[in-house]
file data21.txt (compact mmCIF, C-alpha atoms)
# COMPACT_ATOMS: atom_id res chain seq x y z
CA MET K 27 53.11 -18.94 6.93
CA GLU K 28 53.87 -17.31 3.61
CA GLU K 29 56.80 -18.78 1.69
CA TYR K 30 58.64 -16.91 -1.05
CA GLY K 31 60.59 -18.00 -4.11
CA PRO K 32 64.35 -18.73 -4.07
CA ALA K 33 65.21 -15.46 -5.83
CA PHE K 34 63.62 -13.47 -3.02
CA TYR K 35 65.63 -15.32 -0.37
CA ARG K 36 68.78 -14.92 -2.46
CA GLY K 37 68.17 -11.17 -2.40
CA VAL K 38 67.76 -11.24 1.39
CA ASP K 39 71.04 -13.18 1.67
CA TYR K 40 72.94 -10.55 -0.33
CA VAL K 41 71.37 -7.58 1.47
CA SER K 42 72.15 -9.01 4.91
CA SER K 43 75.73 -9.93 3.94
CA MET K 44 76.34 -6.47 2.49
CA LEU K 45 74.96 -4.84 5.66
CA ILE K 46 77.13 -7.06 7.86
CA GLY K 47 80.15 -6.25 5.66
CA ALA K 48 79.56 -2.51 6.01
CA LEU K 49 78.97 -2.70 9.77
CA SER K 50 81.98 -4.99 10.28
CA LEU K 51 84.28 -2.47 8.64
CA GLY K 52 82.53 0.74 9.72
CA LEU K 53 81.73 0.13 13.39
CA PRO K 54 85.25 -0.84 14.54
CA TYR K 55 86.60 2.15 12.58
CA LEU K 56 84.21 4.50 14.37
CA LEU K 57 84.27 3.00 17.86
CA ILE K 58 87.74 1.51 18.42
CA PRO K 59 90.60 3.98 18.95
CA HIS K 60 93.25 3.67 16.23
CA GLY K 61 96.04 3.43 18.77
CA TRP K 62 94.86 0.17 20.30
CA GLY K 63 97.20 -1.94 18.16
CA MET K 64 96.71 -5.68 18.47
CA VAL K 65 93.88 -5.28 20.99
CA ALA K 66 91.85 -3.69 18.20
CA MET K 67 91.71 -7.01 16.35
CA PRO K 68 89.68 -9.08 18.85
CA ALA K 69 87.72 -5.97 19.87
CA GLY K 70 86.83 -5.31 16.22
CA MET K 71 85.87 -8.94 15.69
CA ALA K 72 83.63 -8.90 18.77
CA LEU K 73 81.96 -5.68 17.63
CA ALA K 74 81.48 -7.02 14.11
CA MET K 75 80.04 -10.31 15.39
CA ALA K 76 77.63 -8.43 17.64
CA SER K 77 76.49 -6.37 14.64
CA ALA K 78 76.06 -9.58 12.60
CA PHE K 79 73.92 -10.99 15.39
CA PHE K 80 71.67 -7.93 15.40
CA VAL K 81 71.35 -7.98 11.59
CA SER K 82 70.41 -11.68 11.79
CA MET K 83 67.80 -10.86 14.43
CA ALA K 84 66.44 -8.02 12.30
CA PHE K 85 66.11 -10.44 9.38
CA SER K 86 64.89 -13.35 11.53
CA ARG K 87 61.55 -13.61 9.72
CA LEU K 88 63.44 -14.31 6.49
CA ALA K 89 66.92 -15.41 7.53
CA ALA K 90 68.40 -18.82 8.13
CA PHE K 91 71.78 -20.50 7.74
CA GLU K 92 72.16 -18.87 4.31
CA THR K 93 72.55 -15.52 6.06
CA ALA K 94 74.10 -16.67 9.35
CA VAL K 95 77.06 -18.65 7.94
CA PRO K 96 78.35 -15.99 5.50
CA GLY K 97 77.52 -13.32 8.09
CA THR K 98 79.72 -15.04 10.67
CA VAL K 99 82.58 -15.46 8.19
CA ILE K 100 82.36 -11.79 7.19
CA SER K 101 82.19 -10.46 10.74
CA MET K 102 84.96 -12.72 12.09
CA THR K 103 87.42 -11.79 9.35
CA VAL K 104 86.50 -8.23 8.34
CA GLY K 105 86.00 -7.12 11.95
CA MET K 106 89.64 -7.92 12.74
CA PHE K 107 90.91 -5.79 9.88
CA PRO K 108 92.31 -2.34 10.77
CA ALA K 109 89.94 -0.32 8.58
CA HIS K 110 91.84 2.96 8.95
CA TYR K 111 94.66 1.44 6.85
CA ILE K 112 92.24 1.16 3.94
CA SER K 113 90.61 4.58 4.06
CA ASP K 114 89.85 7.46 6.41
CA SER K 115 86.47 8.01 4.76
CA ILE K 116 83.55 6.22 6.38
CA SER K 117 81.58 6.32 3.13
CA HIS K 118 84.46 4.54 1.34
CA LEU K 119 84.60 1.94 4.10
CA ILE K 120 80.86 1.31 3.89
CA LEU K 121 81.11 0.82 0.12
CA ILE K 122 84.06 -1.55 0.56
CA GLY K 123 82.09 -3.41 3.26
CA PHE K 124 79.14 -3.76 0.87
CA ALA K 125 81.46 -5.17 -1.79
CA VAL K 126 83.15 -7.62 0.59
CA GLY K 127 79.76 -8.77 1.88
CA ALA K 128 78.46 -9.33 -1.65
CA PHE K 129 81.64 -11.19 -2.65
CA VAL K 130 81.51 -13.53 0.35
CA GLN K 131 77.82 -14.23 -0.25
CA LEU K 132 78.60 -14.92 -3.92
CA PHE K 133 81.26 -17.40 -2.85
CA PHE K 134 78.79 -19.22 -0.59
CA HIS K 135 76.17 -19.10 -3.34
CA PHE K 136 78.48 -21.04 -5.67
CA TYR K 137 79.74 -23.29 -2.88
CA ASP K 138 76.15 -24.22 -2.04
CA ASN K 139 75.39 -24.88 -5.72
CA HIS K 140 78.27 -27.34 -5.62
CA LEU K 141 77.16 -29.12 -2.41
CA HIS K 142 73.36 -28.92 -2.57
CA GLY K 143 71.52 -32.16 -3.25
CA GLU K 144 72.07 -35.86 -2.69
CA ALA K 145 75.28 -36.51 -0.74
CA GLY K 146 77.47 -39.52 -0.16
CA LYS K 147 77.23 -40.83 -3.72
CA MET D 2 76.01 -28.83 32.45
CA THR D 3 73.18 -30.82 34.01
CA LEU D 4 69.93 -31.94 32.39
CA LYS D 5 68.17 -29.43 34.64
CA TRP D 6 70.28 -26.64 33.14
CA HIS D 7 69.39 -27.76 29.60
CA ILE D 8 65.68 -27.91 30.44
CA ALA D 9 65.78 -24.42 31.98
CA LYS D 10 67.53 -23.11 28.86
CA TRP D 11 64.86 -24.46 26.53
CA ASP D 12 62.05 -23.37 28.87
CA LYS D 13 63.42 -19.86 28.46
CA ALA D 14 63.87 -20.25 24.68
CA ALA D 15 60.20 -21.28 24.34
CA LYS D 16 59.19 -17.64 24.78
CA THR D 17 60.93 -16.52 21.59
CA LEU D 18 61.33 -19.66 19.46
CA ASP D 19 58.27 -19.08 17.30
CA LYS D 20 59.55 -15.62 16.37
CA THR D 21 63.20 -16.47 15.80
CA ALA D 22 62.50 -19.63 13.79
CA VAL D 23 60.19 -18.03 11.21
CA GLY D 24 62.94 -17.66 8.61
CA VAL D 25 64.06 -21.25 9.06
CA GLU D 26 60.50 -22.54 8.71
CA ARG D 27 59.88 -20.42 5.62
CA ARG D 28 63.04 -21.50 3.85
CA TYR D 29 63.17 -25.15 4.81
CA GLY D 30 59.42 -25.86 5.09
CA LYS D 31 59.25 -27.56 1.69
CA TYR D 32 62.12 -29.90 2.56
CA LYS D 33 60.50 -30.81 5.88
CA ARG D 34 57.11 -31.46 4.26
CA GLU D 35 58.73 -33.73 1.70
CA LEU D 36 60.68 -35.62 4.38
CA PHE D 37 57.89 -35.88 6.95
CA GLY D 38 55.55 -36.96 4.14
CA LYS D 39 57.40 -40.27 4.22
CA ALA D 40 56.26 -40.95 7.80
CA THR D 41 53.86 -43.85 8.20
CA GLY D 42 52.07 -45.67 11.01
CA ARG D 43 52.76 -44.65 14.58
CA VAL D 44 55.14 -41.69 14.57
CA LEU D 45 57.43 -40.30 17.27
CA LEU D 46 58.38 -36.64 16.90
CA VAL D 47 61.44 -36.02 19.05
CA ALA D 48 61.97 -32.62 20.67
CA ALA D 49 58.68 -31.21 19.47
CA GLY D 50 59.58 -27.69 20.55
CA THR D 51 56.64 -25.32 20.15
CA GLY D 52 54.97 -27.71 17.70
CA GLY D 53 55.92 -25.90 14.50
CA ASP D 54 56.53 -29.23 12.78
CA PHE D 55 52.94 -30.50 13.07
CA SER D 56 52.07 -28.47 9.97
CA SER D 57 54.71 -30.40 7.98
CA PHE D 58 53.11 -33.81 8.62
CA PRO D 59 50.61 -35.32 6.19
CA ASP D 60 47.07 -35.70 7.54
CA GLY D 61 45.91 -38.81 9.31
CA LEU D 62 49.02 -39.93 11.20
CA ASN D 63 49.21 -40.95 14.84
CA VAL D 64 51.95 -38.62 16.13
CA THR D 65 53.41 -38.75 19.63
CA ALA D 66 55.52 -35.67 20.26
CA VAL D 67 58.02 -35.58 23.12
CA ASP D 68 60.00 -32.73 24.59
CA PHE D 69 61.77 -32.33 27.93
CA SER D 70 60.67 -28.70 28.23
CA GLN D 71 57.19 -28.21 29.68
CA ALA D 72 57.19 -24.59 28.44
CA MET D 73 57.72 -25.86 24.87
CA LEU D 74 54.92 -28.40 25.24
CA ASP D 75 52.56 -25.74 26.61
CA LYS D 76 53.21 -23.68 23.48
CA ALA D 77 52.79 -26.76 21.25
CA LYS D 78 49.29 -27.60 22.53
CA GLU D 79 47.49 -25.25 20.14
CA LYS D 80 49.37 -26.51 17.06
CA ALA D 81 48.87 -30.14 18.09
CA ALA D 82 45.13 -29.51 18.43
CA LYS D 83 45.01 -28.15 14.88
CA TYR D 84 46.71 -31.23 13.40
CA ASN D 85 44.38 -33.25 11.21
CA GLY D 86 45.21 -36.61 12.76
CA VAL D 87 46.00 -37.97 16.20
CA ALA D 88 48.56 -35.85 18.06
CA SER D 89 49.62 -36.36 21.64
CA LEU D 90 52.21 -34.44 23.64
CA VAL D 91 54.37 -36.21 26.18
CA ARG D 92 56.98 -34.72 28.46
CA GLY D 93 60.06 -36.87 28.20
CA ASP D 94 63.78 -37.02 27.62
CA VAL D 95 65.00 -38.61 24.39
CA GLN D 96 67.81 -40.20 26.38
CA GLN D 97 65.30 -42.12 28.52
CA LEU D 98 61.97 -42.59 26.75
CA GLY D 99 59.08 -44.24 28.53
CA PHE D 100 58.00 -46.38 25.58
CA ARG D 101 58.36 -50.10 25.02
CA ASP D 102 60.88 -51.53 22.55
CA GLY D 103 59.77 -51.33 18.91
CA THR D 104 56.81 -49.01 19.54
CA PHE D 105 57.14 -46.69 16.55
CA ASP D 106 57.06 -47.19 12.78
CA THR D 107 58.69 -43.83 12.10
CA ILE D 108 60.79 -41.50 14.21
CA VAL D 109 61.14 -37.89 13.10
CA THR D 110 63.66 -35.35 14.36
CA SER D 111 63.79 -31.70 13.41
CA CYS D 112 66.87 -29.76 14.53
CA THR D 113 66.96 -32.04 17.56
CA PHE D 114 70.42 -33.55 17.85
CA CYS D 115 72.10 -30.15 17.93
CA SER D 116 70.71 -29.81 21.44
CA VAL D 117 70.36 -33.30 22.93
CA PRO D 118 72.96 -33.31 25.75
CA ASN D 119 74.07 -36.90 25.02
CA PRO D 120 73.40 -37.53 21.30
CA ALA D 121 74.81 -41.08 21.29
CA GLY D 122 72.57 -42.03 24.22
CA GLY D 123 69.57 -40.35 22.59
CA LEU D 124 70.07 -42.18 19.29
CA ALA D 125 70.52 -45.51 21.07
CA GLU D 126 67.19 -44.89 22.79
CA LEU D 127 65.53 -44.04 19.45
CA ARG D 128 66.89 -47.27 18.02
CA ARG D 129 65.31 -49.14 20.92
CA VAL D 130 61.80 -47.69 20.47
CA LEU D 131 61.86 -48.00 16.65
CA LYS D 132 60.39 -51.12 15.06
CA TRP D 133 62.90 -53.41 13.34
CA ASP D 134 61.69 -52.28 9.90
CA GLY D 135 61.02 -48.69 11.01
CA ARG D 136 62.49 -45.51 9.56
CA LEU D 137 64.37 -42.63 11.12
CA LEU D 138 63.79 -39.32 9.32
CA MET D 139 66.03 -36.47 10.40
CA PHE D 140 66.23 -32.79 9.48
CA GLU D 141 69.35 -31.53 11.24
CA HIS D 142 72.12 -28.99 11.14
CA VAL D 143 75.62 -30.35 11.63
CA ARG D 144 79.28 -29.34 11.65
CA ALA D 145 80.55 -28.34 8.21
CA GLY D 146 82.91 -30.75 6.47
CA ASN D 147 85.04 -27.85 5.26
CA PRO D 148 87.92 -27.52 7.79
CA ALA D 149 87.79 -23.71 7.99
CA LEU D 150 84.02 -23.57 8.40
CA GLY D 151 84.15 -26.47 10.83
CA LEU D 152 86.74 -24.64 12.94
CA MET D 153 84.55 -21.53 12.90
CA MET D 154 81.63 -23.61 14.17
CA ASP D 155 83.84 -25.12 16.88
CA ILE D 156 84.77 -21.62 18.02
CA MET D 157 81.14 -20.44 18.01
CA THR D 158 79.70 -23.44 19.85
CA PRO D 159 80.68 -22.54 23.44
CA VAL D 160 78.72 -19.29 22.97
CA SER D 161 75.77 -20.72 21.00
CA ARG D 162 75.38 -23.49 23.60
CA ILE D 163 74.56 -20.94 26.31
CA PHE D 164 71.47 -19.71 24.46
CA GLY D 165 70.55 -22.60 22.19
CA PRO D 166 72.04 -25.40 20.12
CA ASP D 167 75.54 -26.71 19.51
CA LEU D 168 76.76 -25.86 15.99
CA ASN D 169 79.43 -28.52 15.64
CA ARG D 170 77.67 -31.83 16.09
CA LYS D 171 78.72 -34.66 13.75
CA THR D 172 75.25 -36.17 13.75
CA GLY D 173 75.74 -38.38 10.68
CA GLU D 174 78.63 -40.19 12.34
CA THR D 175 76.69 -40.53 15.60
CA VAL D 176 73.71 -42.02 13.74
CA LYS D 177 75.94 -44.69 12.21
CA LYS D 178 77.67 -45.44 15.52
CA ALA D 179 74.26 -45.88 17.18
CA GLY D 180 73.50 -48.82 14.89
CA PHE D 181 71.65 -47.23 12.00
CA GLU D 182 72.34 -47.39 8.29
CA ILE D 183 71.93 -44.05 6.53
CA THR D 184 69.96 -44.79 3.36
CA ARG D 185 69.80 -41.20 2.15
CA GLU D 186 71.76 -38.05 2.93
CA PHE D 187 70.69 -34.78 1.31
CA ASN D 188 72.43 -31.41 1.63
CA VAL D 189 69.86 -28.63 2.00
CA TYR D 190 72.38 -25.82 2.57
CA LEU D 191 76.10 -26.48 2.07
CA ASP D 192 76.81 -29.65 4.08
CA ILE D 193 75.51 -27.96 7.22
CA VAL D 194 71.72 -28.28 6.92
CA LYS D 195 71.00 -31.90 6.10
CA ILE D 196 68.36 -34.54 5.71
CA PHE D 197 69.16 -38.07 6.88
CA GLU D 198 67.00 -41.09 6.28
CA ALA D 199 68.09 -44.17 8.19
CA ARG D 200 67.01 -47.64 9.23
CA LYS D 201 68.11 -50.04 11.93
CA LEU D 202 71.01 -52.32 11.14
call {"tool": "encode", "arguments": {"input": "data21.txt", "output": "structure tokens"}}
result
Amino acid sequence: MEEYGPAFYRGVDYVSSMLIGALSLGLPYLLIPHGWGMVAMPAGMALAMASAFFVSMAFSRLAAFETAVPGTVISMTVGMFPAHYISDSISHLILIGFAVGAFVQLFFHFYDNHLHGEAGK
Amino acid sequence: MTLKWHIAKWDKAAKTLDKTAVGVERRYGKYKRELFGKATGRVLLVAAGTGGDFSSFPDGLNVTAVDFSQAMLDKAKEKAAKYNGVASLVRGDVQQLGFRDGTFDTIVTSCTFCSVPNPAGGLAELRRVLKWDGRLLMFEHVRAGNPALGLMMDIMTPVSRIFGPDLNRKTGETVKKAGFEITREFNVYLDIVKIFEARKL
């Protein structure tokens, strides 16, 4: 089995998080009626988590916890957000989703730098 | 959920495990090779799955691999045959192993205690079959120490358990409670993917 360098995997982590961010904001906006009120929150989260699952499956030959953990955080939180309050342009929402995904992955990148290595010392 | 239900779940998962675990093997392979390289003497590999971990062992060991899923063991046969050492596959439950006390010099687990139905019972059984000066080498994923991430894993676990592993196991604590001393703990990713090295107290 071919193994790649850490920079390659880091790139995969960012791409998957950005995709999940865009889908988590874009799909609920497109598929959930704006008049659903509070029901839209769990419905959006479920839709976003389903999209995160499919992205993880699509990346399964390269993905691991480094994509799954940020992907879950992004989909659980962003999916609940009423996207139509941010913008009525799907292209804007996708760009915002990309940015949120990249930011969350960046956070986990630094958090992992902090935790990685010998523990309990 | 009965043992039969767990076995049926992993029998079903055997069909796709090799495909869905490729990313995990690629990313964490170097950590597993380094950890499993410390195995010596007679080795017990617990929950062998489809045998993906045989390639992480150094040559020349005597490895007994157990799994309670016959479908997993059927898939593992080819990889066990390729191992450059002695490899035998045994159907068995980690909670009730058919080996005498103190049989093994090293026990290796690889993402095992996320799915053992009774982890405390399983670890007590491992302690029994490990020699008094033996080593327990574990590559596991566990519940995050961060409260928010830990809560997220608690929420996800009832769903993940239907198809595969639990996400919120506190394996380090269970290892200690089972009568082991953790001699090394290494965070591979966050404090979720971990290496534990332990010995009997």
call {"tool": "residues_near_point", "arguments": {"input": "data21.txt", "point": "(64.7, -31.9, 18.5)", "cutoff": "9 Å", "atoms": "only C-alpha atoms", "output": "short mmCIF file (atom, residue, chain, number, x, y, z; two decimals) with C-alpha atoms, keeping the file's coordinate frame"}}
result
data_model
loop_
_atom_site.label_atom_id
_atom_site.label_comp_id
_atom_site.auth_asym_id
_atom_site.auth_seq_id
_atom_site.Cartn_x
_atom_site.Cartn_y
_atom_site.Cartn_z
CA LEU D 46 58.38 -36.64 16.90
CA VAL D 47 61.44 -36.02 19.05
CA ALA D 48 61.97 -32.62 20.67
CA ALA D 49 58.68 -31.21 19.47
CA GLY D 50 59.58 -27.69 20.55
CA VAL D 67 58.02 -35.58 23.12
CA ASP D 68 60.00 -32.73 24.59
CA VAL D 95 65.00 -38.61 24.39
CA VAL D 109 61.14 -37.89 13.10
CA THR D 110 63.66 -35.35 14.36
CA SER D 111 63.79 -31.70 13.41
CA CYS D 112 66.87 -29.76 14.53
CA THR D 113 66.96 -32.04 17.56
CA PHE D 114 70.42 -33.55 17.85
CA CYS D 115 72.10 -30.15 17.93
CA SER D 116 70.71 -29.81 21.44
CA VAL D 117 70.36 -33.30 22.93
CA GLU D 141 69.35 -31.53 11.24
#
call {"tool": "residues_around", "arguments": {"input": "data21.txt", "residues": "stretch 126-136 of chain K", "least_positions_apart": "3", "cutoff": "6 Å", "atoms": "only C-alpha atoms", "output": "list in words"}}
result
Tyr40, Ser43, Met44, Gly47, Gly123 and Asn139 of chain K
call {"tool": "closest_residue", "arguments": {"input": "data21.txt", "among": "K:Leu119, K:Ala48, K:Ala33, K:Val65", "to": "chain D", "atoms": "all atoms listed in the file"}}
result
K:Ala33
call {"tool": "interface_residues", "arguments": {"input": "data21.txt", "of": "chain K", "to": "chain D", "cutoff": "7 Å", "atoms": "all atoms listed in the file", "output": "PyMOL selection string"}}
result
chain K and resi 29+86-90+137-138+141-146
call {"tool": "atom_distance", "arguments": {"input": "data21.txt", "atom1": "atom CA of D:Ile156", "atom2": "atom CA of K:Leu51"}}
result
21.3 Å
call {"tool": "atom_distance", "arguments": {"input": "data21.txt", "atom1": "atom CA of K:Val81", "atom2": "atom CA of K:Ile100"}}
result
12.5 Å
call {"tool": "residues_around", "arguments": {"input": "data21.txt", "residues": "D:Glu79", "least_positions_apart": "2", "cutoff": "12 Å", "atoms": "only C-alpha atoms", "output": "list in words"}}
result
Thr51, Gly52, Gly53, Phe55, Ser56, Met73, Leu74, Asp75, Lys76, Ala77, Ala81, Ala82, Lys83, Tyr84, Ala88, Ser89 and Leu90 of chain D
call {"tool": "residues_around", "arguments": {"input": "data21.txt", "residues": "K:Ala76", "least_positions_apart": "2", "cutoff": "10 Å", "atoms": "all atoms listed in the file", "output": "NGL selection string"}}
result
:K and (46 or 49-50 or 70-74 or 78-82 or 98 or 101)
call {"tool": "closest_residue", "arguments": {"input": "data21.txt", "among": "K:Ala94, K:Ser77, K:His60, K:Arg36", "to": "K:Tyr111", "atoms": "only C-alpha atoms"}}
result
K:His60
call {"tool": "atom_distance", "arguments": {"input": "data21.txt", "atom1": "atom CA of D:Phe105", "atom2": "atom CA of D:Ile8"}}
result
24.9 Å
call {"tool": "closest_residue", "arguments": {"input": "data21.txt", "among": "D:Pro118, D:Thr3, D:Gly151, D:Arg43", "to": "D:Pro166", "atoms": "all atoms listed in the file"}}
result
D:Pro118
call {"tool": "closest_residue", "arguments": {"input": "data21.txt", "among": "D:Lys171, D:Val87, D:Arg128, D:Thr17", "to": "D:Asp102", "atoms": "all atoms listed in the file"}}
result
D:Arg128
call {"tool": "closest_residue", "arguments": {"input": "data21.txt", "among": "D:Asp106, D:Glu174, D:Glu35, D:Asp54", "to": "D:Val130", "atoms": "only C-alpha atoms"}}
result
D:Asp106
call {"tool": "closest_residue", "arguments": {"input": "data21.txt", "among": "K:His140, K:Pro108, K:Val38, K:Val99", "to": "K:Leu56", "atoms": "only C-alpha atoms"}}
result
K:Pro108
call {"tool": "decode", "arguments": {"input": "data21.txt", "residues": "stretch 104-113 of chain K", "atoms": "all heavy atoms", "output": "CSV table (one decimal), in the first residue's frame"}}
result
chain,number,residue,atom,x,y,z
K,104,VAL,N,-22.4,23.8,11.4
K,104,VAL,CA,-22.8,24.7,10.2
K,104,VAL,C,-24.1,24.2,9.7
K,104,VAL,O,-24.9,25.1,9.3
K,104,VAL,CB,-21.7,24.6,9.1
K,104,VAL,CG1,-22.1,25.3,7.9
K,104,VAL,CG2,-20.4,25.1,9.7
K,105,GLY,N,-24.4,22.9,9.7
K,105,GLY,CA,-25.7,22.4,9.2
K,105,GLY,C,-26.9,23.0,9.9
K,105,GLY,O,-28.0,23.1,9.3
K,106,MET,N,-26.7,23.3,11.2
K,106,MET,CA,-27.9,23.9,12.0
K,106,MET,C,-28.1,25.4,11.6
K,106,MET,O,-29.2,25.9,12.0
K,106,MET,CB,-27.5,23.8,13.5
K,106,MET,CG,-27.7,22.4,14.0
K,106,MET,SD,-27.8,22.5,15.8
K,106,MET,CE,-26.2,23.1,16.3
K,107,PHE,N,-27.1,26.0,11.0
K,107,PHE,CA,-27.2,27.4,10.8
K,107,PHE,C,-28.2,27.8,9.7
K,107,PHE,O,-28.1,27.2,8.6
K,107,PHE,CB,-25.8,28.0,10.5
K,107,PHE,CG,-25.7,29.4,10.9
K,107,PHE,CD1,-25.4,29.8,12.2
K,107,PHE,CD2,-25.8,30.4,9.9
K,107,PHE,CE1,-25.3,31.1,12.5
K,107,PHE,CE2,-25.7,31.7,10.2
K,107,PHE,CZ,-25.5,32.1,11.5
K,108,PRO,N,-29.1,28.7,9.9
K,108,PRO,CA,-30.0,29.1,8.8
K,108,PRO,C,-29.3,30.0,7.8
K,108,PRO,O,-29.1,31.2,7.9
K,108,PRO,CB,-31.1,30.0,9.5
K,108,PRO,CG,-30.4,30.4,10.8
K,108,PRO,CD,-29.3,29.5,11.1
K,109,ALA,N,-28.8,29.3,6.7
K,109,ALA,CA,-27.9,29.9,5.7
K,109,ALA,C,-28.6,31.1,5.0
K,109,ALA,O,-27.9,32.0,4.6
K,109,ALA,CB,-27.5,28.8,4.7
K,110,HIS,N,-29.9,31.1,4.9
K,110,HIS,CA,-30.5,32.2,4.1
K,110,HIS,C,-30.4,33.5,4.9
K,110,HIS,O,-30.7,34.6,4.3
K,110,HIS,CB,-32.0,31.8,3.8
K,110,HIS,CG,-32.8,31.5,4.9
K,110,HIS,ND1,-32.8,30.3,5.5
K,110,HIS,CD2,-33.7,32.3,5.6
K,110,HIS,CE1,-33.7,30.3,6.5
K,110,HIS,NE2,-34.2,31.5,6.6
K,111,TYR,N,-30.1,33.5,6.1
K,111,TYR,CA,-29.8,34.7,6.9
K,111,TYR,C,-28.5,35.4,6.5
K,111,TYR,O,-28.2,36.5,6.7
K,111,TYR,CB,-29.8,34.5,8.4
K,111,TYR,CG,-31.2,34.3,9.0
K,111,TYR,CD1,-31.4,33.6,10.2
K,111,TYR,CD2,-32.4,34.8,8.3
K,111,TYR,CE1,-32.6,33.4,10.7
K,111,TYR,CE2,-33.6,34.5,8.9
K,111,TYR,CZ,-33.7,33.9,10.1
K,111,TYR,OH,-35.0,33.7,10.6
K,112,ILE,N,-27.6,34.5,6.0
K,112,ILE,CA,-26.2,35.0,5.6
K,112,ILE,C,-26.3,35.6,4.2
K,112,ILE,O,-25.8,36.7,3.9
K,112,ILE,CB,-25.2,33.9,5.6
K,112,ILE,CG1,-25.1,33.2,7.0
K,112,ILE,CG2,-23.8,34.4,5.3
K,112,ILE,CD1,-24.2,32.0,7.0
K,113,SER,N,-26.8,34.8,3.3
K,113,SER,CA,-26.8,35.3,1.9
K,113,SER,C,-27.9,34.5,1.1
K,113,SER,O,-28.2,33.4,1.5
K,113,SER,CB,-25.5,35.0,1.2
K,113,SER,OG,-25.5,35.3,-0.1
